[in-house]
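Notes follow once the structure below has been shown.
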Amino acid sequence: MIHMENVNKYFGDHHVLQNVSLDIEEGEKVVIIGPSGSGKSTLIRCMNRLEDISSGTARVNGFDLTDKKVPILKVRQKVAMVFQNFNLYSHKTILENVILAPINVLKVKKEDAIKTGMEYLKKVGIEDKANAYPSQLSGGQQQRVAIARALNMHPEVILFDEPTSALDPETIQEVLDVMTKLSELNITMVVVTHEMGFARRVADRVIFMDQGTIVEQGPPEEFFTQTQNQRAKDFLSKIIAH
């Protein structure tokens with residue numbers, strides 16, 4: 001589903017991604033962890049070309065992202081992204097937010113978009129908020145709307161960029177619970193997060209990044225209990241202690 005080979009990304013002189021190679025299979029759940037500034041968010045932003053790579057190969061869902069003529073809207077129809085800060089339209093109701101892209105981008109009939117939109121709002125536990133506005137919802141509820149909106153595009157891949165980092169501690173778990181349910185579907189998930197419990201519970205594979213490189217990767221139990229990499233050990237000892 002996702003193939004990246006020797007991917008480099010520069011911001012000016014700053015070498016953010018350094019020869020990153022990675023394959024993610026269809027339906028796989030991958031969690032990317034690592035210290036701030038390690039390139040995690042940049043890596044997943046390259047997966048739907050929110051960032052252009054500087055060199056290397058990047059193919060997602062059959063599309064060559066380095067091809068300047070790649071139909072980027074078609075790529076993003078199948079590669080949805082959930083951001084830290086929800087990005088909901090404040091002047092539209094929850095349901096209107098969820099149906100906007102299917103109607104305008106996929107050209108789905110409004111009644112069909114509403115039907116599936118309500119199904120996904122139910123799946124994330126907030127169908128009763130369909131006619132409310134984002135400002136009337138908690139941060140956790142807004143993030144669940146963002147997930148429903150992504151699902152209503154019927155994507156092959158969902159990328160999550162630290163989806164709980166902007167939330168109050170009380171609402172983090174409700175978003176993680178929704179994401180855990182999603183992991184039971186045959187959708188490829190790539191999640192950048194600091195939530196180690198979620199990584200341990202849901203991931204097929206954990207990837208640890210540091211200074212723009214993939215330092216180590218493996219099944220969660222193996223990674224969390226048997227890692228021999230000193231940098232990963234140091235990171236885990238700090239983050240799990242907190």
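As shown in the structure tokens, the chain order sets the letters A, B, ...; within each chain, residues go from 1, and ligands are also counted from 1 in the order they appear.
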
Pick out the residues sitting within 8 Å of region 35-43 of chain A, and hand them over as a VMD selection string; count only C-alpha atoms, and ignore anything fewer than 5 positions along from it in its own chain.
-> chain A and resid 16 to 17 51 161 192 209 to 213 235

Export of prior selection with N, CA and C atoms as a compact mmCIF listing (two decimals), in the first residue's frame:
# COMPACT_ATOMS: atom_id res chain seq x y z
N VAL A 16 15.59 16.85 7.15
CA VAL A 16 14.56 16.35 8.07
C VAL A 16 14.37 14.84 7.97
N LEU A 17 14.34 14.32 6.75
CA LEU A 17 14.26 12.86 6.52
C LEU A 17 15.52 12.42 5.80
N GLU A 51 3.65 17.26 1.80
CA GLU A 51 5.04 17.70 1.62
C GLU A 51 5.61 16.94 0.42
N ASP A 161 -1.91 12.37 12.48
CA ASP A 161 -0.75 13.15 12.91
C ASP A 161 -0.97 13.65 14.34
N VAL A 192 1.04 8.69 14.04
CA VAL A 192 2.12 9.34 14.81
C VAL A 192 1.53 9.71 16.16
N MET A 209 11.62 6.56 15.33
CA MET A 209 12.42 7.47 14.54
C MET A 209 13.23 8.39 15.44
N ASP A 210 14.42 8.77 14.97
CA ASP A 210 15.24 9.74 15.66
C ASP A 210 16.12 10.43 14.63
N GLN A 211 16.16 11.76 14.70
CA GLN A 211 17.02 12.56 13.82
C GLN A 211 16.84 12.21 12.33
N GLY A 212 15.56 12.03 11.94
CA GLY A 212 15.25 11.86 10.53
C GLY A 212 15.46 10.48 9.96
N THR A 213 15.75 9.50 10.83
CA THR A 213 15.95 8.13 10.35
C THR A 213 15.08 7.16 11.14
N PHE A 235 14.55 6.73 25.20
CA PHE A 235 13.28 7.39 24.89
C PHE A 235 12.15 6.73 25.68

Out of region 14-162 of chain A, which residues get helix (DSSP H, G or I) from DSSP, as a PyMOL selection string?
-> chain A and resi 40-46+72-78+94-104+110-123+127-129+134-136+139-151

Leaving out Lys115 (chain A) and any residue of its chain fewer than 3 positions from it, which residues lie within 12 Å of it when counting only C-alpha atoms, given as a PyMOL selection string?
-> chain A and resi 95+98-99+102+108-112+118-122+127+130+152

Assign secondary structure with DSSP using the backbone only, and return the residues of region 5-218 of chain A in strand (DSSP E) as an NGL selection string.
-> :A and (5-11 or 14-24 or 29-33 or 55-60 or 63-64 or 79-82 or 157-161 or 188-192 or 205-210 or 213-218)

Selected residue, from A:Gly12, A:Gly139, A:Gly125, A:Pro134, that lies nearest to Thr164 (chain A) when counting only C-alpha atoms =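 Under the stated criterion, the closest residue is A:Gly139.
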
Which residue out of A:His91, A:Arg59, A:Val7, A:Ala148 has the minimum interatomic distance to Ile114 (chain A) when only C-alpha atoms are used?
->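 Once distances to Ile114 (chain A) are computed over only C-alpha atoms, the minimum belongs to A:Ala148.
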
What does the distance from CA of Leu106 (chain A) to CA of Val157 (chain A) come to in Å, to one decimal?
->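 Going from CA of Leu106 (chain A) over to CA of Val157 (chain A) covers 16.2 Å.
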
Near Leu88 (chain A), counting only C-alpha atoms, which residues have an atom at most 12 Å away, once you skip same-chain residues fewer than 5 positions from it, shown as a ChimeraX atom specification?
-> /A:82-83,93-101,133-135,137,139,141-150

Pull the closest atom pair for each residue of region 140-214 of chain A that gets at most 9 Å from region 64-77 of chain A, along with the distance in Å to one decimal, counting only C-alpha atoms, ordering rows by chain and then ascending residue number, as JSON lines.
{"residue": "A:Met153", "atom": "CA", "partner": "A:Gln77", "partner_atom": "CA", "distance": 6.4}
{"residue": "A:His154", "atom": "CA", "partner": "A:Gln77", "partner_atom": "CA", "distance": 7.9}
{"residue": "A:Pro155", "atom": "CA", "partner": "A:Gln77", "partner_atom": "CA", "distance": 6.4}
{"residue": "A:Glu156", "atom": "CA", "partner": "A:Gln77", "partner_atom": "CA", "distance": 8.7}

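Atom to atom, CA of Asn229 (chain A) and CA of Thr180 (chain A) stand 27.8 Å apart.
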
Straight-line distance linking CA of Leu185 (chain A) with CA of Val31 (chain A), stated in Å to one decimal =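 Taking CA of Leu185 (chain A) as the start and CA of Val31 (chain A) as the end point, the length is 16.0 Å.
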
Pick the closest to Ser165 (chain A) from A:Arg205, A:Ile32, A:Gln84, A:Lys123: which is it, counting only C-alpha atoms?
->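 Of A:Arg205, A:Ile32, A:Gln84, A:Lys123, the one nearest Ser165 (chain A), counting only C-alpha atoms, is A:Gln84.
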